[in-house]
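Asks: Shown below is the structure under consideration.
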Amino acid sequence: MTDIDIVIIGGGPAGLAAAVAAREAGCDRLLLFERDEVLGGILPQCIHTGFGLHVFQEELTGPEYAQRFIDRVHALEIPVQCGTTVLDVTRDRVVTAVSPMCGLRQFRAKAIVLAMGCRERTRGALMIPGWRPAGVYTAGLAQRWVNREGWMPGRRVVILGSGDIGLIMARRMMFEGAKVLACVELMPYSSGLTRNVVQCLDDYDIPLMLSHTVTDIHGRERVEGVTVAQVDAQRMPVPGTEQRFDCDTLLLSVGLIPENELSKAAGVELAEATAGPVVDESLQTSVSGIFACGNVLHVHDLVDEVTRESAQAGRAAAAFARSAAGLPPPALRVRDGAGVRGVVPQAICAERVAEDVSLMFRPTAVFKDATAAVKIDRVEVARQRFRILTPGEMVKLTLPKGLFARFKGACELTVEVTE
Amino acid sequence: MTDVIVIGAGVIGCAVARELARFSLRVVVLEKARDVAEGATKSNSAIVHAGHDAPPDTHKARFNVMGNALFEALCRELDVPFRRNTSLVAAFSPADLHALEELKARGDKSGVPGLHIAKRSEVRALEPAIGREVCAALVAPTGAICCPYELTFRLAENAAANGVAFHFSCGVRTVAREDGGWRVETKEGRSFKARAVVNAAGLYADVLNNQVSAEKLTITPRRGEYLMIDKAYAGSFRATVFQVPTPMGKGILVTPTVDGTLMVGPTAENIADKTDTRTTAEGLAKIRQAASRLWNGFPVNGVIATFAGLRAHGDRGDFVIGEPPDAPGFFNAAAMDSPGLTAAPAVGAYLAEQIAGKLGAEKRSDFVAAPTHWPVFRSMSMEGRVAALALDPAHGHIVCRCENVSEAEIRASIRCRIGARTLDGVKRRTRAGMGRCQGGFCTTRILAILCEELGLAPEEVTKFGGGSHVLFSCGKELPLP
Ligand SMILES: Cc1cc2nc3c(=O)[nH]c(=O)nc-3n(C[C@H](O)[C@H](O)[C@H](O)COP(=O)(O)OP(=O)(O)OC[C@H]3O[C@@H](n4cnc5c(N)ncnc54)[C@H](O)[C@@H]3O)c2cc1C
Ligand SMILES: Cc1cc2nc3c(=O)[nH]c(=O)nc-3n(C[C@H](O)[C@H](O)[C@H](O)COP(=O)(O)OP(=O)(O)OC[C@H]3O[C@@H](n4cnc5c(N)ncnc54)[C@H](O)[C@@H]3O)c2cc1C
């Protein structure tokens, strides 16, 4: 068993930013584990542009964005072990990792940063009836095949779900010579970013079928078609509205689920709304010394936000590793008010707020001319107006750290959205 | 000329083949699919039934009770997961209670050990998550669960290690008498001759039987659909919980699997097409409805997969086992619907004895019962892992993150005697891709390993053989469709 200050699990943008920030905050002994052979997480397969507008004021591709952080990691001489899978994390912060090179090893860490990212929801979770042929893939898997492996998953494609990966893949498959027949979305609005709907569907005349779903999959060996039907307000298929699309591939972009198996093993409490850990304003989970950031905490739209959040987690982990002192439990509970789902962080310790606090959440529906308001113990402390809010785009409200000095001993912070 | 041809490599065909390998006989298995266990054997409830359902003195009752008694030792010998987890038949009403009494009487008569009827409080204590309306249950302590495809694969692997020859993609078209033996011809144009034939062709066993015997048989496919629940809910049930059986079968049940996931199903619907393993909106809705009765707080969001299997339901209401009077040397193991999996070890042993007797074959002294199997990283202790890594560093490369399957295991599953040739083949031998991400992360790597090991191009790899190609040749060279 090796003693170490910080272990970072995951080498995507979250893990990289946390590592850089922890090092810059003065942590000497840290170690980052990544199970893939290369760093960057999901970014090496995101070869489209749209990354870095906030962090670098530039429009970069995913690999370019990742490379900037990988270069920083190397410049700061942060030890990184790729091809290494973390198998277990315990409550007392023992990390078990395995790799072909180094075998099975254990580390006792003063602080841990969870940055394992997320996985895609599958056909099984949707319970789509029909045959179970080859040709039904999650969009992220197809993206990896096309962009990293040079493999072609299909020629005539229907996409179910309008998440960002699905939208990006619609355009990518067109570029690769496939025909994309439709993008089918259960909800009456797209779950992806508006800019992706415009740039990936509209620009290529790919119809976006809102309030529709796939009700049947045809083909015994390889997909031969899908049945698409309209859904009613209860999201149940409306009989008589079925239409068949002849296609060889169905791509699914129906949601991402934070990968919290290790968090659960460590006894970290998870929030229902985000499926990620419950954290305080320093991004510390319910287990002291274990921090979480990036898509493992809650599914982000923009990598820039992942970077910002993760740098904060890195700094907090470094501070924790340095002092190793137990901090007072956060007393200020953060609650989802009307029209709001999944505010992160879920708790704040007003006494020790070290940085400005970003409250991140998704609206529960589409709101036009909306107002988001923050109240602490019924006192309104912030209010912001938005032309439109949709569940596909995460909202961030930042509260200055000075504010909290006025609310020591407060109990409840609520975020709500009204039209 | 060989001695015995076994048609079908499901659990029954493989159990018979492995038992035949104990005798000095040349045995050939012909299977039309690309792999073992592609029929009913891969999609069933995986329950080793106690044996109280079938009327006493039927083949079903006899082979069930015998099979149950043999199962645990067989699984231990072949190193296949098996758990004697107890089964409960839940009663929801006074009428159900009456049915439990009848089941118990039947079971007692068939020799099912240890049956008793538990009251509400005892049931609740046994299974805290059981539906609130359950008022009593028949408890069968010999009820158990296993992994049917892993068992079948190991039976086949062990049979092959003892000299049995397996031919895949060999669909038998005709069986006919010739020179006191049998001529067997396949759709692919291959021809085999043997002194005896075993008909273990699942749903198609009627077709083969009817070619050689005047005692006609009709097999109807009876579809059963399932929901698979994430292992995050492992521990919700220890026992298998049935409802009171109906004329269509044992009804929808909830059961843990040996892998930690749970299953809810199956439905029971007679259909016309013997290949129609589709799931249906109605079927899945029915399961959800039944599940919420059986399972208090049934987690719809925990569903990770749906599937369906076809029971080979015979018109005689019982298994059809042994030689038809007008076709000596042709041995049926037909109409093997439930409890066919449970019965497999007993049916295998019984038929092998019969055939060996008929052909005058002796027991071999060099039969090796315990196969060597690759180390399974997931189920190893810390020390075991260190040892395995010292032997092969590829154990340190975890390919499937949901089920912790290593590269070494995936390569071994392809290199073994009855090696995987498809993505599903790897999945069923190693569990890689069976977890909650359903292959989202590991399929890329597994596909690449299949290519390396078998010398395939990526676009040649299939999900389960035939036209189930995973990829197309590279897109850039394609003309626009
Ligand atoms: C298709 C797609 C398009 C996108 N487009 C944009 C865009 O245009 N603009 C934008 O700003 N953002 C975009 N994003 C979002 C952005 O890429 C993500 O928010 C970001 O990658 C999340 O970072 P992460 O580090 O949390 O997770 P990931 O990038 O998923 O990284 C997690 C890493 O952890 C590793 N890991 C997990 N478990 C273990 C373990 N047990 N042991 C070791 N390692 C482990 C994984 O291998 C992985 O490398 C897009 C995302 C996708 C998928
Ligand atoms: C929904 C469902 C639930 C069940 N639950 C249970 C349970 O919990 N417990 C239990 O004990 N039993 C259960 N059963 C029954 C059990 O699954 C079967 O009895 C058992 O799998 C039958 O095995 P088999 O080898 O006879 O058939 P199969 O597994 O169907 O194998 C037959 C094989 O023959 C091959 N074949 C067919 N025709 C030809 C041909 N012409 N030439 C060459 N090969 C051919 C097929 O490809 C197939 O591989 C269930 C069955 C179903 C469908």
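Naming scheme: A, B, ... for chains in displayed order of the structure tokens; residues 1 onward per chain; ligands 1 onward as shown.
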Apply DSSP to the structure's backbone, then extract all residues of stretch 262-403 of chain A labelled alpha helix (DSSP H) and return them as a list in words.
Replies: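 Everything in stretch 262-403 of chain A that counts as alpha helix (DSSP H) is Leu262, Ser263, Lys264, Ala265, Val303, Asp304, Glu305, Val306, Thr307, Arg308, Glu309, Ser310, Ala311, Gln312, Ala313, Gly314, Arg315, Ala316, Ala317, Ala318, Ala319, Phe320, Ala321, Arg322 and Ser323 of chain A.
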Asks: Please write the residues from the selection above to a file, keeping N, CA and C atoms, as a tab-separated table (two decimals), in the first residue's frame.
Replies:
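Okay, this is what ended up in part21.tsv:
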```
chain	number	residue	atom	x	y	z
A	262	LEU	N	-18.07	3.24	-8.67
A	262	LEU	CA	-17.00	3.39	-7.67
A	262	LEU	C	-17.47	4.27	-6.52
A	263	SER	N	-18.21	5.32	-6.86
A	263	SER	CA	-18.71	6.21	-5.81
A	263	SER	C	-19.56	5.42	-4.83
A	264	LYS	N	-20.41	4.55	-5.38
A	264	LYS	CA	-21.28	3.74	-4.51
A	264	LYS	C	-20.44	2.83	-3.64
A	265	ALA	N	-19.40	2.24	-4.24
A	265	ALA	CA	-18.54	1.35	-3.46
A	265	ALA	C	-17.94	2.09	-2.28
A	303	VAL	N	-17.95	21.47	-22.28
A	303	VAL	CA	-16.72	21.04	-21.64
A	303	VAL	C	-16.12	22.19	-20.83
A	304	ASP	N	-16.34	23.43	-21.28
A	304	ASP	CA	-15.78	24.58	-20.55
A	304	ASP	C	-16.26	24.60	-19.10
A	305	GLU	N	-17.52	24.26	-18.89
A	305	GLU	CA	-18.06	24.21	-17.53
A	305	GLU	C	-17.43	23.07	-16.74
A	306	VAL	N	-17.19	21.96	-17.44
A	306	VAL	CA	-16.53	20.82	-16.79
A	306	VAL	C	-15.17	21.28	-16.28
A	307	THR	N	-14.45	22.00	-17.11
A	307	THR	CA	-13.11	22.45	-16.73
A	307	THR	C	-13.17	23.36	-15.51
A	308	ARG	N	-14.09	24.32	-15.55
A	308	ARG	CA	-14.20	25.26	-14.43
A	308	ARG	C	-14.52	24.53	-13.13
A	309	GLU	N	-15.52	23.67	-13.20
A	309	GLU	CA	-15.95	22.94	-12.01
A	309	GLU	C	-14.83	22.05	-11.48
A	310	SER	N	-14.13	21.39	-12.42
A	310	SER	CA	-13.14	20.41	-12.00
A	310	SER	C	-11.90	21.08	-11.41
A	311	ALA	N	-11.55	22.26	-11.92
A	311	ALA	CA	-10.43	22.99	-11.34
A	311	ALA	C	-10.75	23.31	-9.89
A	312	GLN	N	-11.99	23.66	-9.64
A	312	GLN	CA	-12.38	23.96	-8.27
A	312	GLN	C	-12.26	22.71	-7.39
A	313	ALA	N	-12.69	21.57	-7.93
A	313	ALA	CA	-12.57	20.32	-7.17
A	313	ALA	C	-11.11	20.02	-6.89
A	314	GLY	N	-10.24	20.27	-7.86
A	314	GLY	CA	-8.81	20.03	-7.69
A	314	GLY	C	-8.23	20.90	-6.58
A	315	ARG	N	-8.61	22.18	-6.57
A	315	ARG	CA	-8.13	23.08	-5.52
A	315	ARG	C	-8.63	22.65	-4.14
A	316	ALA	N	-9.90	22.29	-4.09
A	316	ALA	CA	-10.47	21.87	-2.80
A	316	ALA	C	-9.81	20.59	-2.29
A	317	ALA	N	-9.53	19.66	-3.23
A	317	ALA	CA	-8.86	18.42	-2.82
A	317	ALA	C	-7.47	18.72	-2.29
A	318	ALA	N	-6.77	19.66	-2.96
A	318	ALA	CA	-5.42	20.02	-2.51
A	318	ALA	C	-5.47	20.62	-1.11
A	319	ALA	N	-6.45	21.49	-0.88
A	319	ALA	CA	-6.59	22.12	0.43
A	319	ALA	C	-6.88	21.06	1.48
A	320	PHE	N	-7.74	20.13	1.12
A	320	PHE	CA	-8.10	19.06	2.08
A	320	PHE	C	-6.88	18.21	2.40
A	321	ALA	N	-6.12	17.85	1.34
A	321	ALA	CA	-4.95	16.99	1.54
A	321	ALA	C	-3.92	17.69	2.42
A	322	ARG	N	-3.86	19.01	2.30
A	322	ARG	CA	-2.90	19.79	3.09
A	322	ARG	C	-3.31	19.84	4.56
A	323	SER	N	-4.57	20.18	4.80
A	323	SER	CA	-4.99	20.38	6.19
A	323	SER	C	-5.42	19.08	6.84
```
Asks: Taking only C-alpha atoms and all ligand atoms into account, report as an mmCIF file with C-alpha atoms, in the first residue's frame which residues have an atom no farther than 7 Å from an atom of ligand 2.
Replies:
```cif
data_model
loop_
_atom_site.group_PDB
_atom_site.id
_atom_site.type_symbol
_atom_site.label_atom_id
_atom_site.label_comp_id
_atom_site.auth_asym_id
_atom_site.auth_seq_id
_atom_site.Cartn_x
_atom_site.Cartn_y
_atom_site.Cartn_z
ATOM 1 C CA ILE B 7 -28.523 -32.842 -33.789
ATOM 2 C CA GLY B 8 -28.661 -29.552 -31.917
ATOM 3 C CA ALA B 9 -26.150 -27.930 -29.554
ATOM 4 C CA GLY B 10 -28.499 -26.530 -26.943
ATOM 5 C CA VAL B 11 -28.203 -27.606 -23.340
ATOM 6 C CA ILE B 12 -29.861 -30.924 -24.145
ATOM 7 C CA GLY B 13 -27.667 -31.808 -27.135
ATOM 8 C CA LEU B 30 -24.352 -30.897 -35.772
ATOM 9 C CA GLU B 31 -25.643 -27.412 -35.025
ATOM 10 C CA LYS B 32 -27.215 -25.091 -37.532
ATOM 11 C CA ALA B 33 -26.290 -21.882 -35.693
ATOM 12 C CA VAL B 36 -23.773 -23.425 -28.956
ATOM 13 C CA ALA B 37 -26.796 -22.284 -26.926
ATOM 14 C CA GLU B 38 -28.345 -20.118 -29.641
ATOM 15 C CA GLY B 39 -31.857 -21.546 -29.137
ATOM 16 C CA ALA B 40 -34.108 -21.731 -26.056
ATOM 17 C CA THR B 41 -31.003 -22.364 -24.001
ATOM 18 C CA LYS B 42 -29.870 -18.761 -24.191
ATOM 19 C CA SER B 43 -33.184 -17.193 -23.264
ATOM 20 C CA ASN B 44 -35.025 -18.803 -20.393
ATOM 21 C CA SER B 45 -35.525 -18.220 -16.682
ATOM 22 C CA ALA B 46 -32.331 -20.084 -15.712
ATOM 23 C CA ILE B 47 -34.149 -21.801 -12.894
ATOM 24 C CA VAL B 48 -33.318 -25.278 -11.681
ATOM 25 C CA HIS B 49 -36.866 -26.153 -10.718
ATOM 26 C CA CYS B 170 -24.718 -27.388 -40.172
ATOM 27 C CA GLY B 171 -28.513 -27.371 -40.408
ATOM 28 C CA VAL B 172 -29.851 -30.897 -40.749
ATOM 29 C CA ARG B 173 -32.328 -31.166 -43.613
ATOM 30 C CA ALA B 200 -32.132 -32.504 -29.747
ATOM 31 C CA ALA B 201 -33.197 -29.948 -32.339
ATOM 32 C CA GLY B 202 -35.362 -27.882 -30.019
ATOM 33 C CA LEU B 203 -38.242 -26.243 -31.882
ATOM 34 C CA TYR B 204 -37.498 -28.331 -34.987
ATOM 35 C CA ALA B 205 -37.376 -31.708 -33.273
ATOM 36 C CA ARG B 223 -42.919 -17.186 -26.631
ATOM 37 C CA GLY B 224 -41.717 -15.830 -23.301
ATOM 38 C CA GLU B 225 -40.518 -12.232 -22.924
ATOM 39 C CA PRO B 266 -41.711 -14.745 -18.937
ATOM 40 C CA ALA B 308 -37.584 -13.245 -25.548
ATOM 41 C CA GLY B 309 -37.206 -17.008 -25.897
ATOM 42 C CA LEU B 310 -39.351 -19.698 -27.506
ATOM 43 C CA ARG B 311 -40.425 -22.789 -25.589
ATOM 44 C CA ALA B 333 -35.064 -35.478 -26.692
ATOM 45 C CA ALA B 334 -37.963 -33.486 -28.034
ATOM 46 C CA MET B 336 -38.230 -29.965 -24.137
ATOM 47 C CA ASP B 337 -40.066 -26.956 -22.805
ATOM 48 C CA SER B 338 -39.762 -26.086 -19.137
ATOM 49 C CA PRO B 339 -38.290 -27.753 -17.031
ATOM 50 C CA GLY B 340 -35.977 -28.845 -19.850
ATOM 51 C CA LEU B 341 -32.942 -27.027 -18.536
ATOM 52 C CA THR B 342 -33.343 -28.627 -15.128
ATOM 53 C CA ALA B 343 -33.855 -32.009 -16.719
#
```
Asks: Just give me the gap between atom CA of A:Ala347 and atom CA of A:Val86 in Å, one decimal is fine.
Replies: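 About the pair atom CA of A:Ala347 and atom CA of A:Val86: they are 28.0 Å apart.
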Asks: Pick out the chain A residues within 9 Å of chain B. Count only C-alpha atoms. Give them as an NGL selection string.
Replies: :A and (35 or 83-85 or 87 or 98-104 or 119-135 or 137-138 or 140-141 or 144-146 or 149-156 or 173 or 175-179 or 215-217 or 220-223 or 261)
Asks: Please, could you write that set of residues out with C-alpha atoms as a short mmCIF file (atom, residue, chain, number, x, y, z; two decimals), in the first residue's frame?
Replies:
```cif
data_model
loop_
_atom_site.label_atom_id
_atom_site.label_comp_id
_atom_site.auth_asym_id
_atom_site.auth_seq_id
_atom_site.Cartn_x
_atom_site.Cartn_y
_atom_site.Cartn_z
CA ARG A 35 -8.34 3.28 -18.12
CA GLY A 83 -4.33 1.72 -19.33
CA THR A 84 -5.09 1.55 -15.61
CA THR A 85 -8.53 0.72 -14.28
CA LEU A 87 -11.44 -1.33 -9.42
CA VAL A 98 -4.95 -2.64 -11.99
CA SER A 99 -2.95 -2.42 -15.19
CA PRO A 100 -1.05 -4.82 -17.42
CA MET A 101 2.21 -2.98 -16.70
CA CYS A 102 2.02 -2.57 -12.92
CA GLY A 103 -0.39 -5.30 -11.91
CA LEU A 104 -2.65 -4.79 -8.92
CA ARG A 119 -22.19 6.17 -19.92
CA GLU A 120 -24.98 6.22 -22.50
CA ARG A 121 -28.50 4.93 -21.95
CA THR A 122 -29.20 1.86 -24.05
CA ARG A 123 -32.02 0.28 -25.98
CA GLY A 124 -32.78 -2.02 -23.06
CA ALA A 125 -33.42 0.88 -20.73
CA LEU A 126 -35.97 2.24 -23.21
CA MET A 127 -37.64 -1.14 -23.64
CA ILE A 128 -38.07 -0.71 -27.40
CA PRO A 129 -39.87 -3.83 -28.59
CA GLY A 130 -39.02 -5.78 -31.74
CA TRP A 131 -36.13 -7.83 -33.06
CA ARG A 132 -32.65 -7.59 -31.57
CA PRO A 133 -30.45 -7.49 -34.66
CA ALA A 134 -27.01 -5.97 -35.19
CA GLY A 135 -27.23 -2.29 -36.08
CA TYR A 137 -25.90 1.35 -31.30
CA THR A 138 -25.57 4.22 -28.91
CA GLY A 140 -21.30 7.72 -28.70
CA LEU A 141 -20.20 4.21 -29.66
CA ARG A 144 -15.94 6.38 -31.56
CA TRP A 145 -16.07 3.92 -34.46
CA VAL A 146 -16.29 6.58 -37.12
CA GLU A 149 -11.37 3.59 -35.49
CA GLY A 150 -12.33 4.50 -39.05
CA TRP A 151 -15.20 1.98 -38.96
CA MET A 152 -18.57 2.56 -40.60
CA PRO A 153 -21.55 1.48 -38.50
CA GLY A 154 -24.29 2.08 -41.09
CA ARG A 155 -25.47 3.51 -44.38
CA ARG A 156 -29.11 4.41 -43.84
CA MET A 173 -22.78 10.17 -40.77
CA PHE A 175 -20.18 13.52 -44.08
CA GLU A 176 -19.18 9.86 -44.18
CA GLY A 177 -21.57 9.13 -47.02
CA ALA A 178 -24.50 7.70 -45.11
CA LYS A 179 -28.09 8.87 -45.43
CA THR A 215 -42.10 1.61 -31.51
CA ASP A 216 -40.65 -1.37 -33.36
CA ILE A 217 -37.33 -2.58 -34.76
CA ARG A 220 -33.63 -10.55 -37.80
CA GLU A 221 -29.90 -10.31 -38.36
CA ARG A 222 -29.20 -6.69 -39.26
CA VAL A 223 -31.64 -3.79 -38.79
CA GLU A 261 -20.23 2.46 -9.46
#
```
Asks: Could you list, as a ChimeraX atom specification, all residues that come within 7 Å of ligand 1? Count only C-alpha atoms and all ligand atoms.
Replies: /A:9-15,33-36,39-43,46,48-52,84-87,115-118,140,164-165,168,262,293-296,299-304,306
Asks: Which residues are near stretch 69-77 of chain A? Cut-off 7 Å, only C-alpha atoms, ignore same chain within fewer than 2 positions. Put them as number ranges by chain.
Replies: A: 16-17, 20, 66-67, 79
Asks: Which residues are close to A:Arg378, i.e. within 10 Å by only C-alpha atoms, leaving aside same-chain residues fewer than 3 positions away? Reply as a list of chain:residue names.
Replies: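 The neighbour list is A:Val374, A:Lys375, A:Val381, A:Glu412, A:Leu413, A:Thr414.
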Asks: Would you save the residues of that selection, restricted to N, CA and C atoms, as a JSON list (two decimals), in the first residue's frame?
Replies:
```
[["chain", "number", "residue", "atom", "x", "y", "z"],
["A", 374, "VAL", "N", -32.95, 33.11, -6.82],
["A", 374, "VAL", "CA", -32.35, 32.36, -5.73],
["A", 374, "VAL", "C", -32.77, 33.01, -4.42],
["A", 375, "LYS", "N", -33.26, 32.19, -3.50],
["A", 375, "LYS", "CA", -33.65, 32.72, -2.19],
["A", 375, "LYS", "C", -32.92, 31.96, -1.11],
["A", 381, "VAL", "N", -31.80, 36.60, -3.11],
["A", 381, "VAL", "CA", -30.43, 37.09, -3.14],
["A", 381, "VAL", "C", -29.90, 37.24, -4.56],
["A", 412, "GLU", "N", -31.84, 27.16, 4.32],
["A", 412, "GLU", "CA", -32.29, 26.66, 3.03],
["A", 412, "GLU", "C", -32.10, 27.67, 1.92],
["A", 413, "LEU", "N", -31.51, 27.19, 0.83],
["A", 413, "LEU", "CA", -31.37, 28.00, -0.38],
["A", 413, "LEU", "C", -32.24, 27.35, -1.46],
["A", 414, "THR", "N", -33.06, 28.16, -2.10],
["A", 414, "THR", "CA", -33.96, 27.61, -3.12],
["A", 414, "THR", "C", -33.72, 28.31, -4.45]]
```
Asks: Based on DSSP run over this structure's backbone, return all residues of stretch 390-450 of chain B in strand (DSSP E or B), as a PyMOL selection string.
Replies: chain B and resi 398-400+405-406
Asks: Which neighbours of A:Gln284 fall inside 10 Å, counting only C-alpha atoms, when residues of the same chain fewer than 3 positions from it are skipped, and could you give them as a ChimeraX atom specification?
Replies: /A:111-114,277-281,287-293,313,316-317,320,345,347
Asks: Within 12 Å of A:Arg352, counting only C-alpha atoms, which residues show up once you throw out same-chain ones fewer than 6 positions away? Write them as a PyMOL selection string, please.
Replies: chain A and resi 280-282+316+327-332+401-405+407-409
Asks: With N, CA and C atoms retained, export the selected residues as an mmCIF file, in the first residue's frame.
Replies:
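Saved the output as result10.cif:
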```cif
data_model
loop_
_atom_site.group_PDB
_atom_site.id
_atom_site.type_symbol
_atom_site.label_atom_id
_atom_site.label_comp_id
_atom_site.auth_asym_id
_atom_site.auth_seq_id
_atom_site.Cartn_x
_atom_site.Cartn_y
_atom_site.Cartn_z
ATOM 1 N N ASP A 280 -21.062 19.455 -1.690
ATOM 2 C CA ASP A 280 -21.185 20.809 -1.139
ATOM 3 C C ASP A 280 -20.510 21.796 -2.097
ATOM 4 N N GLU A 281 -20.393 23.053 -1.679
ATOM 5 C CA GLU A 281 -19.880 24.063 -2.609
ATOM 6 C C GLU A 281 -18.412 23.852 -2.977
ATOM 7 N N SER A 282 -17.690 23.017 -2.198
ATOM 8 C CA SER A 282 -16.302 22.723 -2.566
ATOM 9 C C SER A 282 -16.229 21.450 -3.413
ATOM 10 N N ALA A 316 -9.901 22.285 -4.086
ATOM 11 C CA ALA A 316 -10.470 21.867 -2.796
ATOM 12 C C ALA A 316 -9.809 20.590 -2.293
ATOM 13 N N LEU A 327 -13.879 19.169 8.047
ATOM 14 C CA LEU A 327 -14.541 20.463 7.937
ATOM 15 C C LEU A 327 -15.925 20.370 8.563
ATOM 16 N N PRO A 328 -16.501 21.492 8.979
ATOM 17 C CA PRO A 328 -17.855 21.421 9.529
ATOM 18 C C PRO A 328 -18.824 20.978 8.428
ATOM 19 N N PRO A 329 -19.795 20.184 8.767
ATOM 20 C CA PRO A 329 -20.740 19.755 7.740
ATOM 21 C C PRO A 329 -21.522 20.958 7.213
ATOM 22 N N PRO A 330 -21.820 20.984 5.919
ATOM 23 C CA PRO A 330 -22.541 22.121 5.356
ATOM 24 C C PRO A 330 -23.963 22.177 5.898
ATOM 25 N N ALA A 331 -24.361 23.359 6.366
ATOM 26 C CA ALA A 331 -25.672 23.461 7.008
ATOM 27 C C ALA A 331 -26.742 23.999 6.072
ATOM 28 N N LEU A 332 -26.312 24.689 5.035
ATOM 29 C CA LEU A 332 -27.285 25.319 4.138
ATOM 30 C C LEU A 332 -27.676 24.329 3.042
ATOM 31 N N LYS A 401 -18.884 35.059 -3.330
ATOM 32 C CA LYS A 401 -18.647 34.369 -2.060
ATOM 33 C C LYS A 401 -18.953 35.281 -0.869
ATOM 34 N N GLY A 402 -18.785 36.607 -1.069
ATOM 35 C CA GLY A 402 -19.034 37.550 0.016
ATOM 36 C C GLY A 402 -20.461 37.496 0.534
ATOM 37 N N LEU A 403 -21.351 37.151 -0.369
ATOM 38 C CA LEU A 403 -22.767 37.107 -0.021
ATOM 39 C C LEU A 403 -23.046 36.244 1.217
ATOM 40 N N PHE A 404 -22.299 35.140 1.316
ATOM 41 C CA PHE A 404 -22.650 34.146 2.323
ATOM 42 C C PHE A 404 -22.333 34.588 3.753
ATOM 43 N N ALA A 405 -21.435 35.595 3.867
ATOM 44 C CA ALA A 405 -21.121 36.102 5.205
ATOM 45 C C ALA A 405 -22.402 36.571 5.899
ATOM 46 N N PHE A 407 -25.248 35.223 5.636
ATOM 47 C CA PHE A 407 -26.227 34.143 5.863
ATOM 48 C C PHE A 407 -25.676 33.000 6.707
ATOM 49 N N LYS A 408 -24.738 33.316 7.586
ATOM 50 C CA LYS A 408 -24.259 32.261 8.474
ATOM 51 C C LYS A 408 -25.439 31.772 9.315
ATOM 52 N N GLY A 409 -25.563 30.462 9.418
ATOM 53 C CA GLY A 409 -26.671 29.914 10.188
ATOM 54 C C GLY A 409 -27.958 29.770 9.386
#
```
